[in-house]
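Next up, protein_24.pdb (PDB, N, CA and C atoms):
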```pdb
MODEL        1
ATOM      1  N   THR I   1    -195.131-101.851 -72.688
ATOM      2  CA  THR I   1    -194.259-101.128 -73.586
ATOM      3  C   THR I   1    -192.798-101.356 -73.206
ATOM      4  N   LYS I   2    -192.500-101.234 -71.911
ATOM      5  CA  LYS I   2    -191.126-101.434 -71.437
ATOM      6  C   LYS I   2    -190.665-102.867 -71.720
ATOM      7  N   ALA I   3    -191.541-103.824 -71.459
ATOM      8  CA  ALA I   3    -191.182-105.224 -71.685
ATOM      9  C   ALA I   3    -190.882-105.482 -73.162
ATOM     10  N   ARG I   4    -191.712-104.957 -74.034
ATOM     11  CA  ARG I   4    -191.480-105.144 -75.478
ATOM     12  C   ARG I   4    -190.195-104.466 -75.924
ATOM     13  N   ARG I   5    -189.942-103.288 -75.397
ATOM     14  CA  ARG I   5    -188.734-102.546 -75.768
ATOM     15  C   ARG I   5    -187.470-103.295 -75.343
ATOM     16  N   ASP I   6    -187.512-103.921 -74.168
ATOM     17  CA  ASP I   6    -186.326-104.564 -73.608
ATOM     18  C   ASP I   6    -186.153-106.036 -73.994
ATOM     19  N   LEU I   7    -187.134-106.615 -74.692
ATOM     20  CA  LEU I   7    -187.045-108.034 -75.059
ATOM     21  C   LEU I   7    -185.803-108.368 -75.881
ATOM     22  N   PRO I   8    -185.428-107.589 -76.898
ATOM     23  CA  PRO I   8    -184.222-107.954 -77.659
ATOM     24  C   PRO I   8    -182.962-108.070 -76.790
ATOM     25  N   ALA I   9    -182.803-107.172 -75.835
ATOM     26  CA  ALA I   9    -181.635-107.242 -74.942
ATOM     27  C   ALA I   9    -181.721-108.474 -74.043
ATOM     28  N   ALA I  10    -182.926-108.810 -73.590
ATOM     29  CA  ALA I  10    -183.101-110.001 -72.757
ATOM     30  C   ALA I  10    -182.758-111.265 -73.540
ATOM     31  N   ILE I  11    -183.160-111.308 -74.803
ATOM     32  CA  ILE I  11    -182.849-112.465 -75.647
ATOM     33  C   ILE I  11    -181.337-112.598 -75.822
ATOM     34  N   LYS I  12    -180.653-111.488 -76.008
ATOM     35  CA  LYS I  12    -179.183-111.534 -76.131
ATOM     36  C   LYS I  12    -178.549-112.077 -74.849
ATOM     37  N   ARG I  13    -179.061-111.648 -73.695
ATOM     38  CA  ARG I  13    -178.534-112.146 -72.416
ATOM     39  C   ARG I  13    -178.796-113.647 -72.281
ATOM     40  N   PHE I  14    -179.980-114.094 -72.679
ATOM     41  CA  PHE I  14    -180.333-115.515 -72.656
ATOM     42  C   PHE I  14    -179.393-116.304 -73.564
ATOM     43  N   GLN I  15    -179.189-115.805 -74.764
ATOM     44  CA  GLN I  15    -178.314-116.486 -75.723
ATOM     45  C   GLN I  15    -176.861-116.499 -75.270
ATOM     46  N   ALA I  16    -176.475-115.545 -74.431
ATOM     47  CA  ALA I  16    -175.117-115.502 -73.877
ATOM     48  C   ALA I  16    -174.976-116.405 -72.650
ATOM     49  N   GLY I  17    -176.076-117.049 -72.235
ATOM     50  CA  GLY I  17    -176.018-117.983 -71.112
ATOM     51  C   GLY I  17    -176.173-117.358 -69.747
ATOM     52  N   GLU I  18    -176.725-116.140 -69.676
ATOM     53  CA  GLU I  18    -176.874-115.464 -68.384
ATOM     54  C   GLU I  18    -178.004-116.027 -67.528
ATOM     55  N   GLY I  19    -178.926-116.760 -68.143
ATOM     56  CA  GLY I  19    -180.034-117.311 -67.362
ATOM     57  C   GLY I  19    -181.091-117.942 -68.241
ATOM     58  N   ASP I  20    -182.188-118.350 -67.594
ATOM     59  CA  ASP I  20    -183.316-118.967 -68.280
ATOM     60  C   ASP I  20    -184.333-117.887 -68.625
ATOM     61  N   LEU I  21    -184.809-117.905 -69.857
ATOM     62  CA  LEU I  21    -185.733-116.890 -70.339
ATOM     63  C   LEU I  21    -187.156-117.429 -70.384
ATOM     64  N   TYR I  22    -188.072-116.636 -69.858
ATOM     65  CA  TYR I  22    -189.504-116.912 -69.927
ATOM     66  C   TYR I  22    -190.139-115.765 -70.696
ATOM     67  N   VAL I  23    -191.040-116.098 -71.615
ATOM     68  CA  VAL I  23    -191.705-115.094 -72.445
ATOM     69  C   VAL I  23    -193.215-115.301 -72.308
ATOM     70  N   LYS I  24    -193.927-114.194 -72.132
ATOM     71  CA  LYS I  24    -195.380-114.243 -71.982
ATOM     72  C   LYS I  24    -196.035-113.708 -73.241
ATOM     73  N   GLY I  25    -197.009-114.454 -73.746
ATOM     74  CA  GLY I  25    -197.686-114.024 -74.960
ATOM     75  C   GLY I  25    -199.084-114.591 -75.058
ATOM     76  N   PRO I  26    -199.813-114.171 -76.094
ATOM     77  CA  PRO I  26    -201.202-114.595 -76.255
ATOM     78  C   PRO I  26    -201.329-115.961 -76.932
ATOM     79  N   PHE I  27    -202.278-116.743 -76.442
ATOM     80  CA  PHE I  27    -202.617-118.032 -77.039
ATOM     81  C   PHE I  27    -204.123-118.052 -77.257
ATOM     82  N   ALA I  28    -204.520-118.443 -78.453
ATOM     83  CA  ALA I  28    -205.932-118.407 -78.839
ATOM     84  C   ALA I  28    -206.787-119.311 -77.958
ATOM     85  N   ILE I  29    -207.951-118.802 -77.620
ATOM     86  CA  ILE I  29    -208.959-119.579 -76.908
ATOM     87  C   ILE I  29    -209.915-120.115 -77.972
ATOM     88  N   PRO I  30    -210.099-121.430 -78.040
ATOM     89  CA  PRO I  30    -211.002-121.982 -79.052
ATOM     90  C   PRO I  30    -212.416-121.400 -78.911
ATOM     91  N   ASP I  31    -213.084-121.239 -80.038
ATOM     92  CA  ASP I  31    -214.433-120.663 -80.031
ATOM     93  C   ASP I  31    -215.376-121.398 -79.088
ATOM     94  N   ASP I  32    -215.304-122.738 -79.049
ATOM     95  CA  ASP I  32    -216.226-123.490 -78.202
ATOM     96  C   ASP I  32    -215.930-123.318 -76.711
ATOM     97  N   ALA I  33    -214.765-122.770 -76.366
ATOM     98  CA  ALA I  33    -214.431-122.507 -74.965
ATOM     99  C   ALA I  33    -214.767-121.070 -74.562
ATOM    100  N   ARG I  34    -215.206-120.271 -75.530
ATOM    101  CA  ARG I  34    -215.536-118.866 -75.271
ATOM    102  C   ARG I  34    -217.040-118.712 -75.097
ATOM    103  N   VAL I  35    -217.601-119.432 -74.145
ATOM    104  CA  VAL I  35    -219.055-119.425 -73.945
ATOM    105  C   VAL I  35    -219.577-118.069 -73.490
ATOM    106  N   ASP I  36    -218.733-117.267 -72.877
ATOM    107  CA  ASP I  36    -219.191-115.964 -72.379
ATOM    108  C   ASP I  36    -218.933-114.842 -73.382
ATOM    109  N   GLY I  37    -218.416-115.187 -74.561
ATOM    110  CA  GLY I  37    -218.100-114.158 -75.548
ATOM    111  C   GLY I  37    -216.910-113.316 -75.137
ATOM    112  N   GLY I  38    -216.114-113.841 -74.238
ATOM    113  CA  GLY I  38    -214.983-113.104 -73.688
ATOM    114  C   GLY I  38    -213.793-113.006 -74.616
ATOM    115  N   ALA I  39    -212.648-112.856 -74.025
ATOM    116  CA  ALA I  39    -211.398-112.635 -74.749
ATOM    117  C   ALA I  39    -211.112-113.757 -75.741
ATOM    118  N   ALA I  40    -210.436-113.401 -76.818
ATOM    119  CA  ALA I  40    -210.082-114.372 -77.850
ATOM    120  C   ALA I  40    -208.767-115.077 -77.542
ATOM    121  N   SER I  41    -208.021-114.545 -76.551
ATOM    122  CA  SER I  41    -206.739-115.168 -76.214
ATOM    123  C   SER I  41    -206.474-115.099 -74.721
ATOM    124  N   GLU I  42    -205.571-115.963 -74.285
ATOM    125  CA  GLU I  42    -205.147-116.037 -72.889
ATOM    126  C   GLU I  42    -203.640-115.796 -72.858
ATOM    127  N   GLN I  43    -203.183-114.980 -71.919
ATOM    128  CA  GLN I  43    -201.762-114.681 -71.788
ATOM    129  C   GLN I  43    -201.088-115.776 -70.954
ATOM    130  N   LEU I  44    -200.097-116.443 -71.543
ATOM    131  CA  LEU I  44    -199.409-117.551 -70.881
ATOM    132  C   LEU I  44    -197.894-117.402 -71.025
ATOM    133  N   TRP I  45    -197.169-118.023 -70.098
ATOM    134  CA  TRP I  45    -195.706-118.005 -70.094
ATOM    135  C   TRP I  45    -195.156-119.252 -70.768
ATOM    136  N   ILE I  46    -194.041-119.080 -71.490
ATOM    137  CA  ILE I  46    -193.283-120.216 -71.999
ATOM    138  C   ILE I  46    -191.861-120.137 -71.456
ATOM    139  N   ALA I  47    -191.263-121.295 -71.232
ATOM    140  CA  ALA I  47    -189.840-121.383 -70.898
ATOM    141  C   ALA I  47    -189.122-121.526 -72.229
ATOM    142  N   ALA I  48    -188.436-120.478 -72.649
ATOM    143  CA  ALA I  48    -187.810-120.452 -73.970
ATOM    144  C   ALA I  48    -186.650-121.436 -74.055
ATOM    145  N   VAL I  49    -186.570-122.082 -75.201
ATOM    146  CA  VAL I  49    -185.447-122.948 -75.531
ATOM    147  C   VAL I  49    -184.589-122.257 -76.583
ATOM    148  N   SER I  50    -185.271-121.521 -77.474
ATOM    149  CA  SER I  50    -184.562-120.789 -78.517
ATOM    150  C   SER I  50    -185.386-119.580 -78.943
ATOM    151  N   CYS I  51    -184.685-118.586 -79.490
ATOM    152  CA  CYS I  51    -185.331-117.394 -80.038
ATOM    153  C   CYS I  51    -184.631-117.033 -81.337
ATOM    154  N   ASP I  52    -185.418-116.607 -82.311
ATOM    155  CA  ASP I  52    -184.844-116.095 -83.548
ATOM    156  C   ASP I  52    -185.420-114.698 -83.778
ATOM    157  N   ASP I  53    -185.281-114.175 -84.983
ATOM    158  CA  ASP I  53    -185.745-112.821 -85.271
ATOM    159  C   ASP I  53    -187.257-112.662 -85.187
ATOM    160  N   LYS I  54    -187.995-113.775 -85.288
ATOM    161  CA  LYS I  54    -189.454-113.692 -85.319
ATOM    162  C   LYS I  54    -190.155-114.183 -84.070
ATOM    163  N   ALA I  55    -189.595-115.190 -83.381
ATOM    164  CA  ALA I  55    -190.319-115.807 -82.267
ATOM    165  C   ALA I  55    -189.379-116.467 -81.271
ATOM    166  N   CYS I  56    -189.929-116.740 -80.100
ATOM    167  CA  CYS I  56    -189.258-117.575 -79.109
ATOM    168  C   CYS I  56    -190.066-118.861 -78.999
ATOM    169  N   THR I  57    -189.371-119.980 -78.959
ATOM    170  CA  THR I  57    -190.006-121.291 -78.874
ATOM    171  C   THR I  57    -189.552-121.967 -77.596
ATOM    172  N   GLY I  58    -190.475-122.677 -76.963
ATOM    173  CA  GLY I  58    -190.154-123.380 -75.730
ATOM    174  C   GLY I  58    -191.356-124.175 -75.256
ATOM    175  N   THR I  59    -191.376-124.478 -73.974
ATOM    176  CA  THR I  59    -192.479-125.252 -73.410
ATOM    177  C   THR I  59    -193.404-124.346 -72.614
ATOM    178  N   LEU I  60    -194.695-124.625 -72.726
ATOM    179  CA  LEU I  60    -195.693-123.864 -71.993
ATOM    180  C   LEU I  60    -195.475-124.089 -70.499
ATOM    181  N   SER I  61    -195.315-123.000 -69.747
ATOM    182  CA  SER I  61    -194.950-123.095 -68.338
ATOM    183  C   SER I  61    -196.128-123.204 -67.387
ATOM    184  N   ASN I  62    -197.262-122.637 -67.757
ATOM    185  CA  ASN I  62    -198.401-122.703 -66.844
ATOM    186  C   ASN I  62    -199.580-123.414 -67.502
ATOM    187  N   GLU I  63    -200.471-123.907 -66.664
ATOM    188  CA  GLU I  63    -201.652-124.627 -67.151
ATOM    189  C   GLU I  63    -202.699-123.613 -67.589
ATOM    190  N   PRO I  64    -203.105-123.648 -68.852
ATOM    191  CA  PRO I  64    -204.122-122.710 -69.328
ATOM    192  C   PRO I  64    -205.456-122.926 -68.610
ATOM    193  N   THR I  65    -206.183-121.849 -68.429
ATOM    194  CA  THR I  65    -207.521-121.977 -67.850
ATOM    195  C   THR I  65    -208.591-121.861 -68.923
ATOM    196  N   GLN I  66    -208.273-121.171 -70.026
ATOM    197  CA  GLN I  66    -209.262-120.979 -71.085
ATOM    198  C   GLN I  66    -208.813-121.527 -72.436
ATOM    199  N   ALA I  67    -207.532-121.535 -72.696
ATOM    200  CA  ALA I  67    -207.015-122.065 -73.965
ATOM    201  C   ALA I  67    -206.979-123.588 -73.849
ATOM    202  N   THR I  68    -208.180-124.191 -73.970
ATOM    203  CA  THR I  68    -208.357-125.613 -73.681
ATOM    204  C   THR I  68    -207.665-126.541 -74.668
ATOM    205  N   ASN I  69    -207.134-126.001 -75.748
ATOM    206  CA  ASN I  69    -206.423-126.811 -76.725
ATOM    207  C   ASN I  69    -204.941-126.961 -76.386
ATOM    208  N   LEU I  70    -204.525-126.417 -75.248
ATOM    209  CA  LEU I  70    -203.120-126.454 -74.822
ATOM    210  C   LEU I  70    -202.985-127.082 -73.446
ATOM    211  N   ALA I  71    -201.767-127.490 -73.100
ATOM    212  CA  ALA I  71    -201.472-128.017 -71.771
ATOM    213  C   ALA I  71    -200.037-127.641 -71.410
ATOM    214  N   ALA I  72    -199.791-127.467 -70.132
ATOM    215  CA  ALA I  72    -198.437-127.178 -69.662
ATOM    216  C   ALA I  72    -197.490-128.251 -70.187
ATOM    217  N   GLY I  73    -196.303-127.828 -70.610
ATOM    218  CA  GLY I  73    -195.303-128.748 -71.123
ATOM    219  C   GLY I  73    -195.300-128.890 -72.636
ATOM    220  N   LYS I  74    -196.355-128.403 -73.292
ATOM    221  CA  LYS I  74    -196.436-128.487 -74.755
ATOM    222  C   LYS I  74    -195.438-127.522 -75.387
ATOM    223  N   THR I  75    -194.818-127.918 -76.500
ATOM    224  CA  THR I  75    -193.906-127.041 -77.225
ATOM    225  C   THR I  75    -194.731-126.035 -78.026
ATOM    226  N   VAL I  76    -194.448-124.751 -77.795
ATOM    227  CA  VAL I  76    -195.192-123.659 -78.433
ATOM    228  C   VAL I  76    -194.230-122.517 -78.754
ATOM    229  N   SER I  77    -194.729-121.534 -79.482
ATOM    230  CA  SER I  77    -193.940-120.349 -79.814
ATOM    231  C   SER I  77    -194.731-119.090 -79.499
ATOM    232  N   VAL I  78    -194.007-118.025 -79.172
ATOM    233  CA  VAL I  78    -194.588-116.702 -78.995
ATOM    234  C   VAL I  78    -193.879-115.771 -79.970
ATOM    235  N   SER I  79    -194.656-115.121 -80.802
ATOM    236  CA  SER I  79    -194.116-114.139 -81.732
ATOM    237  C   SER I  79    -193.493-112.993 -80.935
ATOM    238  N   ARG I  80    -192.336-112.539 -81.355
ATOM    239  CA  ARG I  80    -191.698-111.418 -80.658
ATOM    240  C   ARG I  80    -192.562-110.168 -80.732
ATOM    241  N   LYS I  81    -193.311-109.997 -81.822
ATOM    242  CA  LYS I  81    -194.201-108.843 -81.963
ATOM    243  C   LYS I  81    -195.361-108.897 -80.976
ATOM    244  N   GLU I  82    -195.794-110.100 -80.606
ATOM    245  CA  GLU I  82    -196.946-110.267 -79.724
ATOM    246  C   GLU I  82    -196.571-110.488 -78.266
ATOM    247  N   ALA I  83    -195.288-110.644 -77.964
ATOM    248  CA  ALA I  83    -194.863-110.863 -76.582
ATOM    249  C   ALA I  83    -195.285-109.673 -75.720
ATOM    250  N   VAL I  84    -195.829-109.978 -74.545
ATOM    251  CA  VAL I  84    -196.273-108.912 -73.654
ATOM    252  C   VAL I  84    -195.368-108.761 -72.433
ATOM    253  N   ASP I  85    -194.528-109.747 -72.179
ATOM    254  CA  ASP I  85    -193.605-109.661 -71.049
ATOM    255  C   ASP I  85    -192.518-110.708 -71.217
ATOM    256  N   TRP I  86    -191.472-110.564 -70.425
ATOM    257  CA  TRP I  86    -190.383-111.529 -70.376
ATOM    258  C   TRP I  86    -189.794-111.487 -68.973
ATOM    259  N   MET I  87    -189.126-112.565 -68.610
ATOM    260  CA  MET I  87    -188.441-112.633 -67.323
ATOM    261  C   MET I  87    -187.199-113.496 -67.513
ATOM    262  N   LEU I  88    -186.085-113.016 -67.014
ATOM    263  CA  LEU I  88    -184.831-113.751 -67.094
ATOM    264  C   LEU I  88    -184.466-114.191 -65.683
ATOM    265  N   GLN I  89    -184.474-115.513 -65.445
ATOM    266  CA  GLN I  89    -184.058-116.077 -64.160
ATOM    267  C   GLN I  89    -182.546-116.223 -64.238
ATOM    268  N   LEU I  90    -181.835-115.328 -63.554
ATOM    269  CA  LEU I  90    -180.384-115.249 -63.667
ATOM    270  C   LEU I  90    -179.688-116.388 -62.935
ATOM    271  N   ARG I  91    -178.511-116.738 -63.402
ATOM    272  CA  ARG I  91    -177.727-117.831 -62.808
ATOM    273  C   ARG I  91    -177.383-117.566 -61.340
ATOM    274  N   ASP I  92    -177.283-116.284 -60.942
ATOM    275  CA  ASP I  92    -176.949-115.969 -59.554
ATOM    276  C   ASP I  92    -178.173-115.946 -58.641
ATOM    277  N   GLY I  93    -179.336-116.318 -59.188
ATOM    278  CA  GLY I  93    -180.559-116.353 -58.391
ATOM    279  C   GLY I  93    -181.421-115.109 -58.534
ATOM    280  N   GLY I  94    -180.904-114.080 -59.160
ATOM    281  CA  GLY I  94    -181.667-112.856 -59.369
ATOM    282  C   GLY I  94    -182.645-113.000 -60.520
ATOM    283  N   VAL I  95    -183.453-111.973 -60.681
ATOM    284  CA  VAL I  95    -184.457-111.954 -61.742
ATOM    285  C   VAL I  95    -184.420-110.597 -62.426
ATOM    286  N   ALA I  96    -184.547-110.610 -63.749
ATOM    287  CA  ALA I  96    -184.672-109.373 -64.520
ATOM    288  C   ALA I  96    -185.990-109.454 -65.286
ATOM    289  N   GLY I  97    -186.605-108.311 -65.534
ATOM    290  CA  GLY I  97    -187.855-108.267 -66.277
ATOM    291  C   GLY I  97    -189.054-108.526 -65.393
ATOM    292  N   GLY I  98    -190.068-109.155 -65.960
ATOM    293  CA  GLY I  98    -191.284-109.464 -65.204
ATOM    294  C   GLY I  98    -192.154-108.249 -64.945
ATOM    295  N   GLU I  99    -192.276-107.374 -65.931
ATOM    296  CA  GLU I  99    -193.049-106.135 -65.737
ATOM    297  C   GLU I  99    -194.502-106.401 -65.381
ATOM    298  N   SER I 100    -195.127-107.410 -65.998
ATOM    299  CA  SER I 100    -196.532-107.690 -65.687
ATOM    300  C   SER I 100    -196.691-108.192 -64.253
ATOM    301  N   ILE I 101    -195.703-108.894 -63.752
ATOM    302  CA  ILE I 101    -195.739-109.373 -62.369
ATOM    303  C   ILE I 101    -195.666-108.187 -61.412
ATOM    304  N   LYS I 102    -194.817-107.218 -61.730
ATOM    305  CA  LYS I 102    -194.701-106.021 -60.894
ATOM    306  C   LYS I 102    -196.031-105.259 -60.828
ATOM    307  N   VAL I 103    -196.707-105.164 -61.973
ATOM    308  CA  VAL I 103    -198.000-104.463 -62.014
ATOM    309  C   VAL I 103    -199.019-105.193 -61.137
ATOM    310  N   LEU I 104    -199.078-106.526 -61.258
ATOM    311  CA  LEU I 104    -200.034-107.297 -60.468
ATOM    312  C   LEU I 104    -199.735-107.194 -58.978
ATOM    313  N   LYS I 105    -198.469-107.247 -58.605
ATOM    314  CA  LYS I 105    -198.102-107.123 -57.188
ATOM    315  C   LYS I 105    -198.500-105.755 -56.635
ATOM    316  N   ALA I 106    -198.347-104.716 -57.434
ATOM    317  CA  ALA I 106    -198.701-103.367 -56.987
ATOM    318  C   ALA I 106    -200.206-103.231 -56.762
ATOM    319  N   ARG I 107    -200.993-104.040 -57.430
ATOM    320  CA  ARG I 107    -202.458-103.997 -57.297
ATOM    321  C   ARG I 107    -202.980-104.773 -56.094
ATOM    322  N   LEU I 108    -202.128-105.604 -55.493
ATOM    323  CA  LEU I 108    -202.559-106.373 -54.340
ATOM    324  C   LEU I 108    -202.830-105.457 -53.149
ATOM    325  N   PRO I 109    -203.838-105.798 -52.350
ATOM    326  CA  PRO I 109    -204.104-104.997 -51.148
ATOM    327  C   PRO I 109    -202.915-105.078 -50.191
ATOM    328  N   LYS I 110    -202.671-103.995 -49.517
ATOM    329  CA  LYS I 110    -201.517-103.935 -48.592
ATOM    330  C   LYS I 110    -201.755-104.747 -47.354
TER     331      LYS I 110
ENDMDL
END
```
Once more with this new file: its structure as structure tokens, please.
Amino acid sequence: TKARRDLPAAIKRFQAGEGDLYVKGPFAIPDDARVDGGAASEQLWIAAVSCDDKACTGTLSNEPTQATNLAAGKTVSVSRKEAVDWMLQLRDGGVAGGESIKVLKARLPK
């Protein structure tokens, strides 16, 4: 919820040149790759090149494990409505966003 709420401000910062924007969203898993009847989509990161009112477009940043019709480096888009997270790699080396990463880190054993 926080990530979705803050995405418009992150996009403005990206467009102002404050850093590199990464957006995480769902990518369909082909039916023939869903042998276990599992999830219909896989959450993947893209390195955004541009964003408009409807979507962010860029290159797929990670190698899919289930969305077998995709590969890292492919040009793809994530709908702003479907985005589940974002991360801004700031020019000064800092990072903003990354809510899903924070949740996963908190779940790691101490």
Excluding region 50-58 of chain I and any residue of its chain fewer than 2 positions from it, enumerate the residues within 7 Å of it, using only C-alpha atoms, and give them as a list of chain:residue names.
I:Ile46, I:Ala47, I:Ala48, I:Leu60, I:Thr75, I:Val76, I:Ser77, I:Val78, I:Ser79, I:Arg80
Please provide the set of residues having any atom within 7 Å of region 12-23 of chain I, restricted to only C-alpha atoms, with same-chain residues fewer than 3 positions apart removed, written as a PyMOL selection string.
chain I and resi 8-9+45-48+83+85-91
Just give me the gap between atom N of Pro26 (chain I) and atom N of Ser41 (chain I) in Å, one decimal is fine.
8.2 Å
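Closest to Leu70 (chain I) among I:Gly94, I:Lys102, I:Pro30, I:Val35 is I:Pro30, based on all atoms listed in the file.
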Name the residues in contact with Phe27 (chain I) at a cut-off of 5 Å, using only N, CA and C atoms, excluding same-chain residues fewer than 2 positions from it; report them as a PyMOL selection string.
chain I and resi 25+29+41-43
Could you give me the residues within chain I that DSSP places in alpha helix (DSSP H), as a list in words?
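Here are the alpha helix (DSSP H) residues of chain I: Lys2, Ala3, Arg4, Arg5, Asp6, Leu7, Pro8, Ala9, Ala10, Ile11, Lys12, Arg13, Phe14, Gln15, Glu99, Ser100, Ile101, Lys102, Val103, Leu104, Lys105, Ala106 and Arg107 of chain I.
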Hey, what's within 7 Å of Glu63 (chain I) if we count all atoms listed in the file and toss same-chain stuff fewer than 4 positions away? As a PDB file with N, CA and C atoms, in the coordinates of the input, please?
```
ATOM      1  N   LEU I  70    -204.525-126.417 -75.248  1.00  0.00           N
ATOM      2  CA  LEU I  70    -203.120-126.454 -74.822  1.00  0.00           C
ATOM      3  C   LEU I  70    -202.985-127.082 -73.446  1.00  0.00           C
ATOM      4  N   ALA I  71    -201.767-127.490 -73.100  1.00  0.00           N
ATOM      5  CA  ALA I  71    -201.472-128.017 -71.771  1.00  0.00           C
ATOM      6  C   ALA I  71    -200.037-127.641 -71.410  1.00  0.00           C
ATOM      7  N   ALA I  72    -199.791-127.467 -70.132  1.00  0.00           N
ATOM      8  CA  ALA I  72    -198.437-127.178 -69.662  1.00  0.00           C
ATOM      9  C   ALA I  72    -197.490-128.251 -70.187  1.00  0.00           C
ATOM     10  N   GLY I  73    -196.303-127.828 -70.610  1.00  0.00           N
ATOM     11  CA  GLY I  73    -195.303-128.748 -71.123  1.00  0.00           C
ATOM     12  C   GLY I  73    -195.300-128.890 -72.636  1.00  0.00           C
TER      13      GLY I  73
END
```
Could you write out as a list in words the residues that the PyMOL selection byres ((chain I and resi 99) around 8) matches in the shown file?
Lys2, Ala3, Val84, Asp85, Trp86, Met87, Ala96, Gly97, Gly98, Ser100, Ile101, Lys102, Val103, Leu104 and Lys105 of chain I
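For the atom pair formed by atom N of Asn62 (chain I) and atom N of Lys24 (chain I), the distance is 10.1 Å, given to one decimal.
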